Amino acid sequence: MIMGVGITDATEEEISKYIFKGLKEKGEKLIIITPNPEILVYATKHPEYKLKLNKADVALPDGVGVFLAGLLVGKPFKERIPGVDFIEELCRNSAKNPVSMGFLGGRGGVAKRTAERLQEKYPWIDVVFIGEDWFDKDKNTHYGAKKTIDILFVAFGFPKQEEWIFDHLEDLPVKAAMGVGGSFDYISGDVVRAPFIIRAMGLEWLFRLVRQPWRIKRQLALVEFMFLIVKEVVKSSL
């Protein structure tokens with residue numbers, strides 16, 4: 001647990017198997033979140049949001065800050081699992097575990113481009129829904145899907161995507177939903193991802209900041225996050 005939010009301590013492969021098993025068993029609907037420092041700092045100031053995060057079935061240790069925090073508090077995670085990589089993990093494994101997928105959110109057709117890129121790379125995936133919105137605000141109805149969606153990727157950005165999933169999942173023809181933040185931007189190619197060596201060093205955030213300086217205000221959350229983590233470590237040692 002980091003800053004009061006439970007984080008899943010398992011490998012990417014273990015989590016993938018857990019999700020596909022859950023989909024086959026047709027039990028309760030699954031919720032997957034991807035906590036990063038910005039999300040965790042926000043959660044400390046919004047108790048109701050934190051409660052929702054802690055109800056998720058899977059909470060990937062997404063940001064490098066979260067991974068390092070695990071080391072600092074003496075509870076290291078097995079792996080850092082970026083949400084964008086986990087989407088591809090699910091696509092790869094769906095070759096042996098056929099599932100239907102939906103892509104919701106983003107703007108300017110990014111959901112469509114994301115689905116097309118993934119279908120080029122993993123031609124076996126079954127895409128049954130693509131849309132920027134689920135509900136038609138003018139008609140007060142939902143566009144919906146023609147068939148049940150096994151996994152719905154929701155890219156509304158935090159906290160909207162998590163709140164939307166928790167508020168609507170039970171009423172949707174969806175078995176599992178995952179909040180994916182800006183992952184569509186990377187997968188579609190709209191945003192250039194950092195080279196592997198930079199990602200391996202945990203500096204992907206810096207790479208994006210250099211390319212998008214306007215993100216500096218959002219990155220300040222990382223400073224606050226580290227301050228809160230150090231404070232937590234000191235408090236636990238007293």
# chains A, B, ... in the order shown; residues from 1 in each chain; ligands from 1
call {"tool": "select_by_dssp", "arguments": {"residues": "region 52-227 of chain A", "states": "alpha helix (DSSP H)", "output": "PyMOL selection string"}}
result
chain A and resi 52-53+64-72+83-93+110-121+160-168+183-188+196-200+204-211+216-227
call {"tool": "closest_atom_pairs", "arguments": {"of": "region 87-182 of chain A", "to": "region 29-44 of chain A", "cutoff": "9 Å", "atoms": "only C-alpha atoms", "output": "Markdown table"}}
result
| residue | atom | partner | partner_atom | distance |
| --- | --- | --- | --- | --- |
| A:Ile151 | CA | A:Leu30 | CA | 8.9 |
| A:Phe158 | CA | A:Ile39 | CA | 7.0 |
| A:Pro159 | CA | A:Ile39 | CA | 7.5 |
| A:Glu162 | CA | A:Ile33 | CA | 7.3 |
| A:Ile165 | CA | A:Ile31 | CA | 7.7 |
| A:Phe166 | CA | A:Ile31 | CA | 8.0 |
| A:Leu169 | CA | A:Lys29 | CA | 7.7 |
| A:Glu170 | CA | A:Lys29 | CA | 7.4 |
| A:Val174 | CA | A:Lys29 | CA | 7.6 |
| A:Lys175 | CA | A:Lys29 | CA | 5.0 |
| A:Ala176 | CA | A:Leu30 | CA | 4.4 |
| A:Ala177 | CA | A:Ile31 | CA | 5.2 |
| A:Met178 | CA | A:Ile32 | CA | 4.5 |
| A:Gly179 | CA | A:Ile33 | CA | 5.4 |
| A:Val180 | CA | A:Thr34 | CA | 6.9 |
| A:Gly181 | CA | A:Thr34 | CA | 8.2 |
call {"tool": "write_last_selection", "arguments": {"atoms": "C-alpha atoms", "output": "mmCIF file, in the first residue's frame"}}
result
data_model
loop_
_atom_site.group_PDB
_atom_site.id
_atom_site.type_symbol
_atom_site.label_atom_id
_atom_site.label_comp_id
_atom_site.auth_asym_id
_atom_site.auth_seq_id
_atom_site.Cartn_x
_atom_site.Cartn_y
_atom_site.Cartn_z
ATOM 1 C CA ILE A 151 -12.424 -5.582 -21.730
ATOM 2 C CA PHE A 158 -7.955 10.745 -14.125
ATOM 3 C CA PRO A 159 -10.019 11.172 -11.986
ATOM 4 C CA GLU A 162 -11.973 5.903 -12.562
ATOM 5 C CA ILE A 165 -15.964 3.189 -14.390
ATOM 6 C CA PHE A 166 -17.063 2.792 -10.768
ATOM 7 C CA LEU A 169 -19.691 -0.532 -14.840
ATOM 8 C CA GLU A 170 -22.489 -2.539 -13.205
ATOM 9 C CA VAL A 174 -18.835 -4.933 -20.007
ATOM 10 C CA LYS A 175 -17.007 -7.631 -18.011
ATOM 11 C CA ALA A 176 -13.849 -5.667 -17.192
ATOM 12 C CA ALA A 177 -12.844 -2.012 -17.492
ATOM 13 C CA MET A 178 -9.406 -0.442 -17.310
ATOM 14 C CA GLY A 179 -8.594 3.236 -16.870
ATOM 15 C CA VAL A 180 -5.732 3.928 -19.267
ATOM 16 C CA GLY A 181 -5.076 7.675 -19.079
#
call {"tool": "residues_around", "arguments": {"residues": "Glu120 (chain A)", "least_positions_apart": "5", "cutoff": "12 Å", "atoms": "only C-alpha atoms", "output": "list of chain:residue names"}}
result
A:Cys91, A:Arg113, A:Thr114, A:Ala115, A:Ile125, A:Asp126, A:Val127, A:Ile187, A:Ser188
call {"tool": "write_last_selection", "arguments": {"atoms": "C-alpha atoms", "output": "PDB file, in the first residue's frame"}}
result
ATOM      1  CA  CYS A  91      -3.661  -8.037 -26.666  1.00  0.00           C
ATOM      2  CA  ARG A 113      -6.304   4.992 -34.453  1.00  0.00           C
ATOM      3  CA  THR A 114      -5.323   3.093 -31.310  1.00  0.00           C
ATOM      4  CA  ALA A 115      -7.584   0.166 -32.185  1.00  0.00           C
ATOM      5  CA  ILE A 125      -8.019  -9.085 -31.373  1.00  0.00           C
ATOM      6  CA  ASP A 126     -11.781  -8.663 -31.603  1.00  0.00           C
ATOM      7  CA  VAL A 127     -12.654  -4.957 -31.457  1.00  0.00           C
ATOM      8  CA  ILE A 187      -0.241   3.512 -28.981  1.00  0.00           C
ATOM      9  CA  SER A 188      -1.820   5.537 -31.790  1.00  0.00           C
TER      10      SER A 188
END
call {"tool": "closest_residue", "arguments": {"among": "A:Glu79, A:Asp133, A:Glu25, A:Glu224", "to": "Trp164 (chain A)", "atoms": "only C-alpha atoms"}}
result
A:Asp133
call {"tool": "atom_distance", "arguments": {"atom1": "CA of Ile15 (chain A)", "atom2": "CA of Glu89 (chain A)"}}
result
10.0 Å
call {"tool": "residues_around", "arguments": {"residues": "Ile81 (chain A)", "least_positions_apart": "6", "cutoff": "7 Å", "atoms": "only C-alpha atoms", "output": "list in words"}}
result
Glu12, Leu60, Pro61 and Asp62 of chain A
call {"tool": "write_last_selection", "arguments": {"atoms": "N, CA and C atoms", "output": "compact mmCIF listing (two decimals), in the first residue's frame"}}
result
# COMPACT_ATOMS: atom_id res chain seq x y z
N GLU A 12 3.56 -8.85 -14.47
CA GLU A 12 2.63 -8.57 -15.57
C GLU A 12 1.94 -9.85 -16.03
N LEU A 60 -2.23 -1.45 -10.99
CA LEU A 60 -0.88 -1.62 -11.53
C LEU A 60 0.08 -0.57 -10.97
N PRO A 61 1.29 -0.98 -10.58
CA PRO A 61 2.31 0.01 -10.17
C PRO A 61 2.84 0.68 -11.44
N ASP A 62 2.12 1.69 -11.89
CA ASP A 62 2.36 2.29 -13.21
C ASP A 62 3.59 3.21 -13.24
call {"tool": "residues_around", "arguments": {"residues": "Ile229 (chain A)", "least_positions_apart": "4", "cutoff": "12 Å", "atoms": "only C-alpha atoms", "output": "ChimeraX atom specification"}}
result
/A:1-4,37,40-41,44,65-74,222-225,233-236
call {"tool": "write_last_selection", "arguments": {"atoms": "N, CA and C atoms", "output": "PDB file, in the first residue's frame"}}
result
ATOM      1  N   MET A   1       0.844  -1.198   0.000  1.00  0.00           N
ATOM      2  CA  MET A   1       0.000   0.000   0.000  1.00  0.00           C
ATOM      3  C   MET A   1       0.883   1.252   0.000  1.00  0.00           C
ATOM      4  N   ILE A   2       0.571   2.174  -0.880  1.00  0.00           N
ATOM      5  CA  ILE A   2       1.314   3.426  -0.979  1.00  0.00           C
ATOM      6  C   ILE A   2       0.356   4.582  -0.717  1.00  0.00           C
ATOM      7  N   MET A   3       0.660   5.378   0.317  1.00  0.00           N
ATOM      8  CA  MET A   3      -0.160   6.530   0.664  1.00  0.00           C
ATOM      9  C   MET A   3      -1.636   6.160   0.821  1.00  0.00           C
ATOM     10  N   GLY A   4      -1.875   5.008   1.417  1.00  0.00           N
ATOM     11  CA  GLY A   4      -3.240   4.584   1.695  1.00  0.00           C
ATOM     12  C   GLY A   4      -3.977   3.941   0.544  1.00  0.00           C
ATOM     13  N   PRO A  37       2.102   8.675  -9.405  1.00  0.00           N
ATOM     14  CA  PRO A  37       2.225   9.692  -8.349  1.00  0.00           C
ATOM     15  C   PRO A  37       1.141  10.760  -8.384  1.00  0.00           C
ATOM     16  N   LEU A  40      -2.078   9.359  -6.967  1.00  0.00           N
ATOM     17  CA  LEU A  40      -2.002   9.119  -5.533  1.00  0.00           C
ATOM     18  C   LEU A  40      -2.028  10.419  -4.725  1.00  0.00           C
ATOM     19  N   VAL A  41      -1.392  11.457  -5.240  1.00  0.00           N
ATOM     20  CA  VAL A  41      -1.429  12.753  -4.559  1.00  0.00           C
ATOM     21  C   VAL A  41      -2.861  13.285  -4.562  1.00  0.00           C
ATOM     22  N   THR A  44      -5.014  11.615  -1.936  1.00  0.00           N
ATOM     23  CA  THR A  44      -4.826  12.041  -0.541  1.00  0.00           C
ATOM     24  C   THR A  44      -5.727  13.223  -0.197  1.00  0.00           C
ATOM     25  N   GLY A  65       7.667   6.553 -10.030  1.00  0.00           N
ATOM     26  CA  GLY A  65       7.625   7.075  -8.668  1.00  0.00           C
ATOM     27  C   GLY A  65       6.973   6.090  -7.717  1.00  0.00           C
ATOM     28  N   VAL A  66       5.938   5.412  -8.179  1.00  0.00           N
ATOM     29  CA  VAL A  66       5.248   4.414  -7.354  1.00  0.00           C
ATOM     30  C   VAL A  66       6.173   3.233  -7.097  1.00  0.00           C
ATOM     31  N   PHE A  67       6.889   2.835  -8.120  1.00  0.00           N
ATOM     32  CA  PHE A  67       7.817   1.701  -7.985  1.00  0.00           C
ATOM     33  C   PHE A  67       8.920   2.028  -6.970  1.00  0.00           C
ATOM     34  N   LEU A  68       9.491   3.223  -7.078  1.00  0.00           N
ATOM     35  CA  LEU A  68      10.540   3.639  -6.147  1.00  0.00           C
ATOM     36  C   LEU A  68       9.995   3.810  -4.734  1.00  0.00           C
ATOM     37  N   ALA A  69       8.756   4.274  -4.635  1.00  0.00           N
ATOM     38  CA  ALA A  69       8.136   4.431  -3.318  1.00  0.00           C
ATOM     39  C   ALA A  69       8.045   3.089  -2.609  1.00  0.00           C
ATOM     40  N   GLY A  70       7.766   2.037  -3.368  1.00  0.00           N
ATOM     41  CA  GLY A  70       7.703   0.705  -2.788  1.00  0.00           C
ATOM     42  C   GLY A  70       9.028   0.314  -2.159  1.00  0.00           C
ATOM     43  N   LEU A  71      10.120   0.687  -2.814  1.00  0.00           N
ATOM     44  CA  LEU A  71      11.455   0.404  -2.276  1.00  0.00           C
ATOM     45  C   LEU A  71      11.692   1.198  -0.999  1.00  0.00           C
ATOM     46  N   LEU A  72      11.287   2.466  -1.013  1.00  0.00           N
ATOM     47  CA  LEU A  72      11.522   3.340   0.139  1.00  0.00           C
ATOM     48  C   LEU A  72      10.742   2.902   1.380  1.00  0.00           C
ATOM     49  N   VAL A  73       9.531   2.415   1.184  1.00  0.00           N
ATOM     50  CA  VAL A  73       8.724   2.008   2.340  1.00  0.00           C
ATOM     51  C   VAL A  73       8.990   0.555   2.729  1.00  0.00           C
ATOM     52  N   GLY A  74       9.956  -0.071   2.050  1.00  0.00           N
ATOM     53  CA  GLY A  74      10.327  -1.436   2.407  1.00  0.00           C
ATOM     54  C   GLY A  74       9.403  -2.511   1.871  1.00  0.00           C
ATOM     55  N   LEU A 222       4.809  15.208  -8.705  1.00  0.00           N
ATOM     56  CA  LEU A 222       5.845  14.223  -8.392  1.00  0.00           C
ATOM     57  C   LEU A 222       6.679  14.687  -7.197  1.00  0.00           C
ATOM     58  N   VAL A 223       6.946  15.992  -7.140  1.00  0.00           N
ATOM     59  CA  VAL A 223       7.705  16.550  -6.025  1.00  0.00           C
ATOM     60  C   VAL A 223       6.906  16.381  -4.732  1.00  0.00           C
ATOM     61  N   GLU A 224       5.619  16.710  -4.797  1.00  0.00           N
ATOM     62  CA  GLU A 224       4.756  16.561  -3.619  1.00  0.00           C
ATOM     63  C   GLU A 224       4.654  15.097  -3.215  1.00  0.00           C
ATOM     64  N   PHE A 225       4.603  14.226  -4.200  1.00  0.00           N
ATOM     65  CA  PHE A 225       4.514  12.787  -3.943  1.00  0.00           C
ATOM     66  C   PHE A 225       5.729  12.293  -3.170  1.00  0.00           C
ATOM     67  N   VAL A 233       7.792   7.499   5.420  1.00  0.00           N
ATOM     68  CA  VAL A 233       8.907   6.638   5.839  1.00  0.00           C
ATOM     69  C   VAL A 233       9.432   7.084   7.207  1.00  0.00           C
ATOM     70  N   VAL A 234       9.615   8.386   7.379  1.00  0.00           N
ATOM     71  CA  VAL A 234      10.121   8.926   8.645  1.00  0.00           C
ATOM     72  C   VAL A 234       9.142   8.609   9.767  1.00  0.00           C
ATOM     73  N   LYS A 235       7.857   8.788   9.515  1.00  0.00           N
ATOM     74  CA  LYS A 235       6.833   8.545  10.518  1.00  0.00           C
ATOM     75  C   LYS A 235       6.830   7.083  10.958  1.00  0.00           C
ATOM     76  N   SER A 236       6.995   6.164   9.990  1.00  0.00           N
ATOM     77  CA  SER A 236       6.970   4.740  10.308  1.00  0.00           C
ATOM     78  C   SER A 236       8.203   4.283  11.070  1.00  0.00           C
TER      79      SER A 236
END
call {"tool": "atom_distance", "arguments": {"atom1": "CA of Arg117 (chain A)", "atom2": "CA of Gly189 (chain A)"}}
result
8.5 Å
call {"tool": "atom_distance", "arguments": {"atom1": "CA of Gln119 (chain A)", "atom2": "CA of Leu152 (chain A)"}}
result
15.4 Å
